Each structure stands twice: as structure tokens, then as C-alpha cells.
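A.B. asks: Pasting entry20.cif here (mmCIF, C-alpha atoms and all ligand atoms):
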```
data_final
loop_
_atom_site.label_atom_id
_atom_site.label_comp_id
_atom_site.auth_asym_id
_atom_site.auth_seq_id
_atom_site.Cartn_x
_atom_site.Cartn_y
_atom_site.Cartn_z
CA MET D 1 22.68 21.57 -11.46
CA GLU D 2 25.56 22.17 -9.08
CA ALA D 3 23.79 25.20 -7.64
CA ILE D 4 20.63 23.17 -7.04
CA LEU D 5 22.48 20.20 -5.57
CA SER D 6 24.50 22.46 -3.26
CA ARG D 7 21.28 23.30 -1.44
CA PHE D 8 20.76 19.64 -0.35
CA SER D 9 22.64 17.86 2.47
CA LEU D 10 24.41 15.30 0.29
CA GLN D 11 27.23 13.05 1.44
CA GLY D 12 30.20 14.11 -0.69
CA ARG D 13 30.54 16.49 -3.64
CA PRO D 14 28.53 15.77 -6.80
CA LEU D 15 30.65 14.28 -9.59
CA THR D 16 28.02 13.45 -12.22
CA CYS D 17 24.38 14.24 -12.84
CA GLU D 18 22.71 12.49 -15.77
CA ARG D 19 19.16 12.04 -17.10
CA TYR D 20 17.75 8.79 -15.78
CA GLY D 21 14.78 6.41 -16.04
CA GLN D 22 11.72 6.36 -18.26
CA GLY D 23 9.07 8.34 -16.37
CA HIS D 24 6.67 10.50 -18.38
CA ILE D 25 6.12 13.27 -15.84
CA ASN D 26 9.11 14.49 -13.82
CA LEU D 27 12.65 15.11 -15.05
CA THR D 28 14.80 12.55 -13.27
CA TYR D 29 18.60 12.58 -12.84
CA LEU D 30 21.04 10.15 -11.28
CA VAL D 31 23.65 11.93 -9.17
CA THR D 32 26.93 10.39 -8.01
CA THR D 33 29.20 12.00 -5.45
CA ASP D 34 32.90 11.64 -4.63
CA SER D 35 31.97 9.68 -1.49
CA GLY D 36 30.44 6.97 -3.69
CA ARG D 37 26.86 7.82 -2.68
CA ARG D 38 24.16 7.96 -5.36
CA TYR D 39 21.01 10.06 -5.36
CA ILE D 40 17.93 10.65 -7.49
CA LEU D 41 17.37 14.33 -8.28
CA GLN D 42 13.96 15.24 -9.69
CA ARG D 43 12.48 18.35 -11.20
CA LEU D 44 8.75 18.12 -10.52
CA SER D 45 6.35 18.66 -13.39
CA ARG D 46 4.55 21.98 -13.07
CA ALA D 47 2.16 20.91 -15.84
CA ALA D 48 1.00 18.00 -13.69
CA PHE D 49 1.27 19.36 -10.15
CA HIS D 50 -0.14 22.71 -9.14
CA ASP D 51 0.56 22.72 -5.41
CA ILE D 52 4.11 21.46 -4.86
CA PRO D 53 4.30 22.31 -1.11
CA ALA D 54 1.19 20.19 -0.47
CA LEU D 55 2.49 17.39 -2.70
CA MET D 56 5.77 17.32 -0.80
CA ARG D 57 3.92 17.25 2.54
CA ASN D 58 2.09 14.13 1.29
CA VAL D 59 5.34 12.46 0.22
CA ALA D 60 7.05 13.29 3.53
CA ALA D 61 4.09 12.02 5.55
CA VAL D 62 3.75 8.75 3.61
CA THR D 63 7.49 7.96 3.49
CA GLY D 64 7.79 8.77 7.22
CA PHE D 65 4.85 6.51 8.03
CA LEU D 66 6.25 3.65 5.93
CA ALA D 67 9.81 4.06 7.26
CA ALA D 68 8.52 3.63 10.82
CA ARG D 69 6.94 0.30 9.80
CA SER D 70 9.74 -1.10 7.61
CA THR D 71 12.42 -3.57 8.57
CA ASP D 72 14.84 -2.65 5.74
CA PRO D 73 15.69 0.98 4.82
CA ARG D 74 15.37 0.06 1.14
CA GLN D 75 11.65 -0.67 1.63
CA THR D 76 10.67 2.97 1.28
CA LEU D 77 11.91 6.12 -0.40
CA HIS D 78 13.92 8.56 1.74
CA LEU D 79 13.85 12.28 1.05
CA ILE D 80 17.16 14.09 1.48
CA PRO D 81 16.70 17.32 3.45
CA THR D 82 17.99 20.65 2.22
CA ARG D 83 20.57 22.59 4.22
CA ASP D 84 17.66 24.69 5.56
CA GLY D 85 15.83 21.62 6.84
CA GLU D 86 13.21 21.61 4.06
CA ASN D 87 12.62 18.69 1.71
CA TRP D 88 12.58 20.49 -1.66
CA VAL D 89 13.85 23.72 -3.23
CA ARG D 90 12.59 26.18 -5.82
CA ASP D 91 15.19 27.49 -8.29
CA GLU D 92 15.38 30.97 -9.86
CA ALA D 93 13.21 29.88 -12.79
CA GLY D 94 10.50 28.75 -10.37
CA GLU D 95 11.14 25.02 -10.88
CA ALA D 96 10.78 22.66 -7.90
CA TRP D 97 13.48 20.09 -7.13
CA ARG D 98 13.85 17.26 -4.62
CA VAL D 99 16.39 14.54 -3.89
CA TYR D 100 15.88 10.92 -2.84
CA ASP D 101 18.39 8.32 -1.79
CA TYR D 102 19.08 6.04 -4.74
CA VAL D 103 17.64 2.59 -4.01
CA GLU D 104 20.85 0.56 -4.36
CA ASP D 105 21.10 -2.95 -5.77
CA SER D 106 17.69 -2.66 -7.32
CA ILE D 107 16.16 -2.94 -10.78
CA CYS D 108 13.23 -1.18 -12.37
CA LEU D 109 11.51 -2.92 -15.31
CA GLN D 110 9.53 -1.53 -18.24
CA VAL D 111 8.17 -4.96 -19.15
CA PRO D 112 8.10 -8.01 -16.85
CA GLU D 113 10.73 -10.54 -17.89
CA SER D 114 8.70 -13.32 -16.29
CA PRO D 115 5.33 -13.66 -14.49
CA GLU D 116 7.32 -13.65 -11.24
CA ASP D 117 8.44 -10.06 -11.83
CA LEU D 118 4.83 -9.00 -12.07
CA TYR D 119 3.95 -11.12 -9.04
CA GLU D 120 6.61 -9.26 -7.04
CA SER D 121 5.23 -5.90 -8.13
CA ALA D 122 1.83 -7.11 -6.91
CA ILE D 123 3.39 -7.89 -3.54
CA ALA D 124 4.90 -4.40 -3.45
CA PHE D 125 1.69 -2.56 -4.32
CA GLY D 126 -0.50 -4.85 -2.20
CA SER D 127 1.77 -4.43 0.83
CA PHE D 128 1.80 -0.67 0.25
CA GLN D 129 -2.00 -0.76 0.42
CA ARG D 130 -1.97 -2.86 3.58
CA MET D 131 0.73 -0.83 5.36
CA LEU D 132 -1.18 2.38 4.73
CA ALA D 133 -4.54 0.98 5.86
CA ASP D 134 -4.21 2.93 9.14
CA PHE D 135 -2.88 6.10 7.58
CA PRO D 136 -5.30 9.02 8.04
CA ALA D 137 -6.35 9.34 4.40
CA GLU D 138 -8.25 12.59 4.99
CA THR D 139 -4.96 14.38 5.80
CA LEU D 140 -3.64 13.80 2.27
CA HIS D 141 -3.84 16.59 -0.25
CA GLU D 142 -5.39 15.70 -3.62
CA THR D 143 -2.28 16.41 -5.70
CA ILE D 144 -4.19 16.09 -8.98
CA PRO D 145 -7.89 16.64 -8.36
CA ASN D 146 -10.14 14.19 -10.23
CA PHE D 147 -7.10 12.12 -11.22
CA HIS D 148 -9.07 8.90 -11.77
CA ASN D 149 -12.45 10.54 -12.21
CA THR D 150 -13.07 8.98 -15.61
CA PRO D 151 -16.22 11.02 -16.48
CA ASP D 152 -14.19 14.16 -15.87
CA ARG D 153 -11.45 12.83 -18.18
CA TYR D 154 -14.18 12.44 -20.83
CA ARG D 155 -15.28 16.02 -20.24
CA ILE D 156 -11.73 17.27 -20.87
CA PHE D 157 -11.45 15.01 -23.92
CA ARG D 158 -14.65 16.45 -25.41
CA GLU D 159 -13.48 20.01 -24.82
CA THR D 160 -10.11 19.32 -26.43
CA LEU D 161 -11.78 17.54 -29.35
CA ALA D 162 -14.10 20.50 -29.93
CA ALA D 163 -11.19 22.96 -29.87
CA ASP D 164 -8.88 20.65 -31.88
CA PRO D 165 -5.96 23.06 -31.45
CA MET D 166 -3.51 21.06 -33.59
CA GLY D 167 -5.98 20.05 -36.29
CA ARG D 168 -5.36 16.39 -35.46
CA ALA D 169 -8.96 15.20 -34.90
CA ALA D 170 -9.65 14.35 -38.54
CA GLY D 171 -6.91 11.70 -38.56
CA ILE D 172 -8.13 9.78 -35.53
CA GLN D 173 -11.85 9.16 -36.07
CA ARG D 174 -11.50 5.45 -35.28
CA GLU D 175 -9.98 6.17 -31.88
CA ILE D 176 -12.57 8.87 -31.14
CA ASP D 177 -15.42 6.45 -31.94
CA PHE D 178 -13.79 3.79 -29.78
CA VAL D 179 -13.73 5.94 -26.65
CA LEU D 180 -17.15 7.50 -27.16
CA ALA D 181 -18.76 4.07 -27.55
CA ARG D 182 -17.54 3.13 -24.06
CA GLU D 183 -18.34 6.30 -22.14
CA GLU D 184 -21.21 4.89 -20.08
CA GLU D 185 -19.28 1.89 -18.74
CA ALA D 186 -16.19 4.03 -18.18
CA GLY D 187 -18.07 6.04 -15.55
CA ALA D 188 -18.98 2.98 -13.44
CA LEU D 189 -16.12 3.21 -10.93
CA GLN D 190 -16.68 6.90 -10.31
CA ARG D 191 -20.39 6.25 -9.72
CA MET D 192 -19.50 3.55 -7.18
CA ARG D 193 -17.11 5.94 -5.49
CA GLU D 194 -19.77 8.62 -5.24
CA SER D 195 -22.44 6.23 -3.95
CA GLY D 196 -20.13 5.22 -1.09
CA GLU D 197 -20.53 1.49 -1.76
CA LEU D 198 -16.74 0.99 -1.81
CA PRO D 199 -14.31 2.03 0.93
CA LEU D 200 -11.96 4.92 0.23
CA ARG D 201 -8.37 3.83 0.73
CA VAL D 202 -4.95 5.42 0.51
CA THR D 203 -4.05 4.47 -3.03
CA HIS D 204 -0.91 5.01 -5.10
CA ASN D 205 -2.83 5.76 -8.30
CA ASP D 206 0.09 5.20 -10.68
CA THR D 207 0.94 1.54 -10.14
CA LYS D 208 2.98 0.82 -13.23
CA LEU D 209 5.65 -1.85 -13.02
CA ASN D 210 8.27 0.89 -13.48
CA ASN D 211 7.13 2.51 -10.25
CA VAL D 212 8.41 -0.48 -8.26
CA MET D 213 12.00 -1.39 -7.47
CA LEU D 214 12.92 -5.09 -7.24
CA ASP D 215 16.01 -6.36 -5.44
CA SER D 216 18.57 -7.03 -8.17
CA ARG D 217 19.94 -10.09 -6.37
CA THR D 218 16.78 -11.83 -5.21
CA ARG D 219 14.36 -10.16 -7.68
CA LYS D 220 11.91 -9.78 -4.78
CA ALA D 221 9.76 -6.69 -4.22
CA LEU D 222 11.68 -3.94 -2.50
CA CYS D 223 10.11 -0.54 -2.73
CA VAL D 224 7.25 1.42 -4.24
CA ILE D 225 8.37 4.72 -5.82
CA ASP D 226 6.73 7.70 -7.57
CA LEU D 227 4.52 8.78 -4.67
CA ASP D 228 3.30 12.02 -6.24
CA THR D 229 -0.19 10.72 -6.80
CA VAL D 230 -0.74 9.00 -3.44
CA MET D 231 -4.27 10.13 -2.54
CA PRO D 232 -7.52 8.67 -1.28
CA GLY D 233 -8.98 6.39 -3.97
CA LEU D 234 -10.42 2.98 -4.84
CA VAL D 235 -8.32 -0.16 -4.72
CA ALA D 236 -9.56 -0.93 -8.25
CA PHE D 237 -7.47 2.04 -9.46
CA ASP D 238 -4.25 0.47 -8.20
CA PHE D 239 -5.09 -3.04 -9.36
CA GLY D 240 -6.27 -1.70 -12.71
CA ASP D 241 -3.28 0.45 -13.52
CA SER D 242 -0.91 -2.42 -12.75
CA ILE D 243 -2.77 -4.77 -15.07
CA ARG D 244 -2.94 -2.11 -17.78
CA PHE D 245 0.82 -1.78 -17.87
CA GLY D 246 2.07 -5.12 -16.60
CA ALA D 247 -0.23 -7.69 -18.22
CA SER D 248 0.35 -6.31 -21.70
CA THR D 249 2.60 -8.32 -24.00
CA GLY D 250 4.52 -5.22 -25.02
CA PRO D 251 5.58 -1.72 -24.11
CA GLU D 252 3.02 1.04 -23.75
CA ASP D 253 4.22 2.78 -26.91
CA GLU D 254 4.60 -0.27 -29.20
CA ARG D 255 3.73 0.72 -32.78
CA ASP D 256 3.04 -2.79 -34.07
CA LEU D 257 -0.36 -3.55 -32.53
CA ASP D 258 -0.11 -7.20 -33.56
CA ARG D 259 2.39 -7.51 -30.74
CA ILE D 260 0.01 -6.14 -28.11
CA TRP D 261 -2.53 -8.21 -26.28
CA LEU D 262 -3.55 -9.05 -22.75
CA ASP D 263 -1.50 -11.91 -21.32
CA LEU D 264 -3.88 -13.76 -19.00
CA SER D 265 -1.11 -15.72 -17.31
CA LEU D 266 0.41 -12.37 -16.27
CA TYR D 267 -3.05 -11.15 -15.25
CA ARG D 268 -3.49 -14.23 -13.06
CA ARG D 269 -0.06 -14.01 -11.48
CA PHE D 270 -0.54 -10.35 -10.57
CA THR D 271 -3.94 -11.11 -9.01
CA GLU D 272 -2.50 -14.03 -7.01
CA GLY D 273 0.00 -11.63 -5.47
CA PHE D 274 -2.12 -8.54 -5.03
CA ILE D 275 -5.28 -9.78 -3.26
CA PRO D 276 -3.47 -11.66 -0.44
CA ALA D 277 -0.82 -8.94 -0.05
CA CYS D 278 -3.55 -6.32 0.48
CA GLY D 279 -5.21 -8.67 2.93
CA ILE D 280 -7.97 -6.16 3.72
CA LEU D 281 -10.22 -6.13 0.67
CA THR D 282 -13.98 -6.63 0.98
CA PRO D 283 -15.70 -9.14 -1.35
CA ARG D 284 -17.33 -6.23 -3.19
CA GLU D 285 -13.95 -4.57 -3.75
CA ILE D 286 -12.55 -7.81 -5.15
CA GLU D 287 -15.52 -8.07 -7.50
CA THR D 288 -14.72 -4.63 -8.95
CA LEU D 289 -11.09 -5.43 -9.82
CA PRO D 290 -11.63 -6.56 -13.45
CA LEU D 291 -13.74 -3.49 -14.11
CA GLY D 292 -10.92 -1.45 -12.58
CA ALA D 293 -8.42 -2.91 -15.05
CA LYS D 294 -10.68 -2.19 -18.00
CA VAL D 295 -11.55 1.35 -16.93
CA MET D 296 -7.95 2.29 -16.02
CA THR D 297 -6.77 1.09 -19.44
CA LEU D 298 -9.49 2.99 -21.27
CA GLU D 299 -8.93 6.10 -19.14
CA CYS D 300 -5.19 6.05 -19.76
CA GLY D 301 -5.75 5.68 -23.51
CA LEU D 302 -8.21 8.57 -23.36
CA ARG D 303 -5.63 10.73 -21.57
CA PHE D 304 -2.95 9.92 -24.17
CA LEU D 305 -5.43 10.69 -26.95
CA THR D 306 -6.44 13.98 -25.31
CA ASP D 307 -2.80 14.99 -24.95
CA TYR D 308 -2.19 14.10 -28.60
CA LEU D 309 -5.11 16.33 -29.66
CA ASP D 310 -3.86 19.07 -27.35
CA GLY D 311 -0.30 19.11 -28.74
CA ASP D 312 1.53 16.88 -26.24
CA HIS D 313 1.85 19.21 -23.27
CA TYR D 314 1.45 16.67 -20.47
CA PHE D 315 3.20 13.36 -21.20
CA GLY D 316 6.84 13.50 -22.26
CA ILE D 317 7.23 12.42 -25.91
CA SER D 318 10.17 11.47 -28.08
CA ARG D 319 8.42 11.30 -31.47
CA GLN D 320 5.55 13.12 -33.15
CA SER D 321 2.75 10.63 -32.73
CA HIS D 322 4.06 9.12 -29.50
CA ASN D 323 0.87 9.83 -27.55
CA LEU D 324 -1.30 8.46 -30.36
CA ASP D 325 0.78 5.26 -30.42
CA ARG D 326 0.34 4.98 -26.66
CA ALA D 327 -3.42 5.52 -26.92
CA ARG D 328 -3.68 2.79 -29.57
CA THR D 329 -1.96 0.16 -27.42
CA GLN D 330 -4.39 0.95 -24.60
CA PHE D 331 -7.43 0.58 -26.86
CA LYS D 332 -6.08 -2.69 -28.20
CA LEU D 333 -5.86 -3.94 -24.61
CA VAL D 334 -9.41 -2.79 -23.88
CA ALA D 335 -10.70 -4.64 -26.95
CA ASP D 336 -8.83 -7.74 -25.81
CA THR D 337 -10.28 -7.37 -22.31
CA GLU D 338 -13.78 -7.36 -23.79
CA ARG D 339 -13.05 -10.48 -25.82
CA ARG D 340 -11.75 -12.39 -22.82
CA TRP D 341 -14.08 -11.01 -20.14
CA SER D 342 -15.46 -14.32 -18.81
CA GLU D 343 -11.96 -15.83 -18.47
CA ILE D 344 -10.84 -12.70 -16.59
CA CYS D 345 -13.77 -12.92 -14.17
CA GLY D 346 -12.82 -16.56 -13.59
CA ILE D 347 -9.29 -15.52 -12.61
CA ILE D 348 -10.60 -13.13 -9.98
CA LYS D 349 -13.03 -15.73 -8.62
CA ASN D 350 -10.27 -18.29 -8.22
CA CYS D 351 -8.00 -15.84 -6.38
CA ARG D 352 -10.54 -14.98 -3.67
CA PRO D 353 -9.20 -15.55 -0.17
P1 LIG T 1 7.94 9.91 -13.10
O1 LIG T 1 6.83 10.50 -12.29
O2 LIG T 1 8.43 10.83 -14.14
O3 LIG T 1 7.57 8.56 -13.60
P2 LIG T 1 9.58 8.49 -11.13
O4 LIG T 1 9.61 8.98 -9.72
O5 LIG T 1 8.79 7.29 -11.39
O6 LIG T 1 9.17 9.72 -12.08
O7 LIG T 1 11.11 8.23 -11.56
C1 LIG T 1 11.44 7.86 -12.90
C2 LIG T 1 12.35 6.63 -12.89
O8 LIG T 1 13.54 6.91 -12.13
C3 LIG T 1 11.75 5.40 -12.23
O9 LIG T 1 10.96 4.68 -13.13
C4 LIG T 1 13.01 4.65 -11.77
O10 LIG T 1 13.58 3.95 -12.85
C5 LIG T 1 13.96 5.77 -11.40
N1 LIG T 1 13.94 6.10 -9.95
C6 LIG T 1 13.14 7.02 -9.34
N2 LIG T 1 13.40 7.10 -8.03
C7 LIG T 1 14.40 6.21 -7.78
C8 LIG T 1 15.15 5.84 -6.59
N3 LIG T 1 14.92 6.42 -5.41
N4 LIG T 1 16.13 4.90 -6.72
C9 LIG T 1 16.38 4.32 -7.93
N5 LIG T 1 15.72 4.64 -9.07
C10 LIG T 1 14.75 5.56 -9.01
C1 LIG T 2 2.45 8.84 -15.91
O1 LIG T 2 4.78 9.42 -13.88
P1 LIG T 2 4.68 8.12 -14.60
O2 LIG T 2 5.44 8.06 -15.88
O3 LIG T 2 4.97 6.99 -13.65
C2 LIG T 2 1.13 9.33 -15.33
C3 LIG T 2 0.20 8.14 -15.08
C4 LIG T 2 -0.02 7.38 -16.38
C5 LIG T 2 1.34 6.96 -16.93
C6 LIG T 2 1.21 6.28 -18.25
C7 LIG T 2 1.17 11.91 -12.59
O4 LIG T 2 3.10 8.01 -14.97
O5 LIG T 2 -1.05 8.60 -14.59
O6 LIG T 2 -0.83 6.24 -16.17
O7 LIG T 2 2.21 8.10 -17.07
N1 LIG T 2 1.39 10.04 -14.09
C8 LIG T 2 0.80 11.24 -13.85
O8 LIG T 2 2.42 5.67 -18.55
O9 LIG T 2 -0.01 11.76 -14.62
MG MG T 3 7.12 6.83 -12.61
#
```
Translate the structure described by the file into C-alpha cells.
C.D. replies:
Amino acid sequence: MEAILSRFSLQGRPLTCERYGQGHINLTYLVTTDSGRRYILQRLSRAAFHDIPALMRNVAAVTGFLAARSTDPRQTLHLIPTRDGENWVRDEAGEAWRVYDYVEDSICLQVPESPEDLYESAIAFGSFQRMLADFPAETLHETIPNFHNTPDRYRIFRETLAADPMGRAAGIQREIDFVLAREEEAGALQRMRESGELPLRVTHNDTKLNNVMLDSRTRKALCVIDLDTVMPGLVAFDFGDSIRFGASTGPEDERDLDRIWLDLSLYRRFTEGFIPACGILTPREIETLPLGAKVMTLECGLRFLTDYLDGDHYFGISRQSHNLDRARTQFKLVADTERRWSEICGIIKNCRP
């Protein structure tokens, strides 16, 4: 770690470097130095990202663009340059590393402690959307091609199911039936994207509550993090992924499904923050938001299930059936969404500008 850190222009000498946070993709470390400065060191996932130079160009472009439009330095991530003036390094084993300033006096939540926490995350993601409205989306590299192309996620699921490399398919027939029964509807967003009826925007694509930092004193939105999947996309992706994670009554990997359902007061509060903070959405885009939440939840469950079948190579796990547990919470939320569909549509209608 010292060898890697020595290649970055840090203030002070590193004193500690410890695993940090609860992301599923990168390896994240908190670094403290003898000058009192703190940094986030990350090893980027090579399983997820196949073109790290292009990914880092995206991150540098987006953070630079946001920094020029922010009033407080804590409103965007800042990459720490290397001693050679680059913004990431490759180590001897071929792993890619980068360093960010630690966002001080901030908190990152796994579950909202009140509807206001979710509201603030809506402000963060909505403002992110608005601030990037003039960013030239076509210059962004697609860091994970077909990331929210749900029909393509089904294709990969079917291939993995057919191969069944771990022999796990027999134990999950209920989950398999659940996803296959919803395949047609799951493709709706992608069809709308292809038909051009919705505008392509610069989207974050991974808008979980734990990808937002809140100010620890005021608990107001501070900063959007985890910019690895910023790409052109539909606003329904960003709305949907936030609802999927934030409007659930429990953590993504809860084993007791009786504790998981969709909390409509959280759903409403997120919507009340997000639509005005974006400020640019067309009526048709707003209409697609509930579908976005349903499809993002189903797609995420499908991805967890696929990774479970495949032997857990993509999402970090800390127990054997971790990905299956995660898939099950997502399907429970989808079932709940179906049950409460008309109430959900009412929420969106009432939040129209
Ligand atoms: P992953 O892609 O693995 O989710 P993230 O970039 O989201 O990686 O980082 C994982 C966690 O580390 C975040 O959820 C957050 O708690 C923490 N984190 C990341 N970057 C920062 C930062 N600049 N300042 C403070 N905490 C951070
Ligand atoms: C991953 O990186 P992280 O933990 O914020 C994943 C998302 C999933 C999410 C599920 C690059 O997000 O797409 O929705 O896990 N990120 C990537 O928790 O695949
Ligand atoms: Mg993250």
C-alpha cells in the first residue's frame, strides 16, 4: 500500500490505510496521513470495468465540470494527481488505483434514518442531473456497455442458467419463474430508449443512497460519489435505482423477507425532491419514472441472481448465498410494487411541476 500511495501527491506521509465503506464493486480504503489529511484510496474492479483509462477520463471530465459550477469544494469529488501528473496508477499486478479527497464532515447511509435523508439524496441526484444537462454526453465513454439494457441482462441470465456452472439452478426455481414471467415488461425502458421517444441524458446509473454524502452537521445533500458508471442514459434509471435501494424498509441483503416492503412515504419524499431538483424533465419522462423504479429493481435482482448462478464473481459477498438473499429482497420489492401500482402512479401525478 505504501508503494502505491507514494506515487500520489498526498499532503503528509501515510499513517494508516484501512478497508472502508460498503461498496460491492471497488476495494475502498481510508488513508490518514501525518498532516491530518484523509483520503479515499480505491482499487478499481477489473471484473466490472474493462477500459480503466477511458473510465478515468470520464471521472476527470465530470468532476472537473462539476467543480467549475460548485460553490463549495465538498460538492464534488476531487481526484488526487499522481507525481507524474496522471490521475490513477497501475501496480505490478496490473491493478488500477486512484485517490480522492475524503469528503470531510459527511455521512454515508445504508438505510435512510428518516424520509428527510432520502429527500436529501433526491436533491443530490436531481441536482447532479441538472448540473450535467449541458455536459456533452457523446464525449463520455460507456464504461459498462449495456449497463441498464435489461433485455441484454436477460440474455446473460439465460446463458448462465443454461450453463449452470455451480449446479445452483435446481434450488432457485421460484426465483427463475419470477423473473421469466416479467421479461416482456422488463424490456419496456430499453424499447423506449431505442425508439428515441425519451431524451438521452448524462445519468449516474448507480444512484443508491450510499453513493451520496450528506453533511454530518446539517444532514443536507453534499456530494454524489461513485462516478464509475456515469454514462448517457434515461432519467428513469437514476430515479429507479434510488427508489429500489432507498424506499425499501430494509437493507438490500436482509434475509427475513417479512421485513422488506416498499415504503410509499419514502417513495413520495424521494419523488418530491427529485423532480424539482432535476428541473428539466419532460412530462413523458416523468410518466416513465414508476416503470423505471420497477424495472431497475427487477434488473438488479436479475443481476444478483445471475451472479449467484455464476459463482459470485461480480458482486462482493460475505456469505455463501449473499447474492441469492439480495435477489430475493429485490423480487419482494417488485411484487410489492405490483400490488401498490395505482398508489405509486398517484404519487408521481401529485409531484408534477
Ligand atoms: P463502490 O463502487 O465499490 O460502491 P464507492 O466509490 O461507492 O465504491 O465507495 C465505497 C464507499 O466508500 C462509499 O459508499 C462511501 O461510504 C465511501 N466513500 C467513497 N468515496 C468517498 C469520499 N471521497 N469521501 C468519503 N467517503 C467515501
Ligand atoms: C453495485 O458499486 P456499488 O456498490 O455502488 C453495482 C450497481 C448495483 C449495486 C447493487 C458498477 O453498486 O449497479 O445496483 O451494486 N455497480 C456496478 O447494490 O455494477
Ligand atoms: Mg458505491
A.B. asks: Could I get the residue neighbourhood of ligand LIG 2 (chain T) at 8 Å, counting all atoms listed in the file, as JSON, numbers by chain?
C.D. replies: {"D": [22, 23, 24, 25, 26, 48, 49, 144, 147, 205, 206, 207, 208, 210, 211, 226, 228, 229, 241, 245, 252, 300, 314, 315]}
A.B. asks: For ligand LIG 1 (chain T), collect every residue having any atom at a distance of at most 9 Å from a ligand atom (counting all atoms listed in the file); output as a PyMOL selection string.
C.D. replies: chain D and resi 20-30+38-42+44-45+76-79+99-110+206+208-213+223+225-229+316
A.B. asks: Just the number, please: distance in Å from CA of Ala277 (chain D) to CA of Gly126 (chain D), one decimal.
C.D. replies: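 Between CA of Ala277 (chain D) and CA of Gly126 (chain D) the gap works out to 4.6 Å.
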A.B. asks: Which is closest to Pro145 (chain D) among D:Asp238, D:Asp51, D:Asp258, D:Glu175, if we use all atoms listed in the file?
C.D. replies: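 Of the candidates, the smallest distance to Pro145 (chain D) is held by D:Asp51.
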A.B. asks: Name the closest residue to Phe331 (chain D) among the candidates D:Thr297, D:Ser318, D:Thr288, D:Thr306; distances are taken between atoms, counting only C-alpha atoms.
C.D. replies: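 Closest candidate: D:Thr297.
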A.B. asks: Would you compute, for all listed atoms of region 197-205 of chain D, the axis-aligned bounding box grown by 4 Å on each side, and then report its centre and edge lengths in Å rounded to one decimal, as AutoDock Vina command-line options?
C.D. replies:
```
--center_x -10.7 --center_y 3.4 --center_z -3.7 --size_x 27.6 --size_y 12.8 --size_z 17.2
```
A.B. asks: For Phe128 (chain D), find every residue with an atom within 12 Å (counting all atoms listed in the file), except residues of its own chain fewer than 4 positions away, and show them as a VMD selection string.
C.D. replies: chain D and resid 62 to 63 65 to 67 69 to 70 75 to 76 121 to 124 132 to 135 201 to 205 207 212 221 to 225 227 230 235 238 274 277 to 280
A.B. asks: Pick out the closest residue to Asp72 (chain D) from this set: D:Gly346, D:Asp215, D:Pro115, D:Leu200. Count only C-alpha atoms.
C.D. replies: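 Between D:Gly346, D:Asp215, D:Pro115, D:Leu200, the residue approaching Asp72 (chain D) most closely is D:Asp215.
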A.B. asks: With all atoms listed in the file as the counted atoms, please give the residues lying no more than 10 Å from Asp263 (chain D), apart from itself and same-chain residues fewer than 4 positions off, as a list in words.
C.D. replies: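 My list of contacting residues is Pro115, Ile243, Gly246, Ala247, Ser248, Thr249, Gly250, Tyr267, Arg268, Leu333, Asp336 and Thr337 of chain D.
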A.B. asks: CA of Phe237 (chain D) to CA of Arg182 (chain D): how many Å, to one decimal?
C.D. replies: 17.8 Å
A.B. asks: Given the choices D:Arg57, D:Lys349, D:Arg46, D:Arg74, which gets closest to Gly94 (chain D) if the distance is worked out from all atoms listed in the file?
C.D. replies: D:Arg46
A.B. asks: Quote the spacing between CA of Arg303 (chain D) and CA of Arg259 (chain D) in Å to one decimal place.
C.D. replies: 21.9 Å
A.B. asks: Set the distance at 9 Å and use all atoms listed in the file: which residues neighbour Tyr154 (chain D) once local chain neighbours fewer than 6 positions away are removed? I'd like the list as a compact mmCIF listing (two decimals) with C-alpha atoms, in the coordinates of the input.
C.D. replies:
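Written file, around.txt:
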```txt
# COMPACT_ATOMS: atom_id res chain seq x y z
CA VAL D 179 -13.73 5.94 -26.65
CA LEU D 180 -17.15 7.50 -27.16
CA GLU D 183 -18.34 6.30 -22.14
CA GLU D 299 -8.93 6.10 -19.14
CA LEU D 302 -8.21 8.57 -23.36
CA ARG D 303 -5.63 10.73 -21.57
```
A.B. asks: Considering all atoms listed in the file, can you say which of D:Ile176, D:Pro283, D:Glu92, D:Asp256 comes closest to Thr160 (chain D)?
C.D. replies: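 For Thr160 (chain D), the nearest of the given residues is D:Ile176.
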A.B. asks: Hey, which of D:Leu10, D:Ile4, D:Leu298, D:Val89 ends up closest to Pro53 (chain D)? Count all atoms listed in the file.
C.D. replies: D:Val89
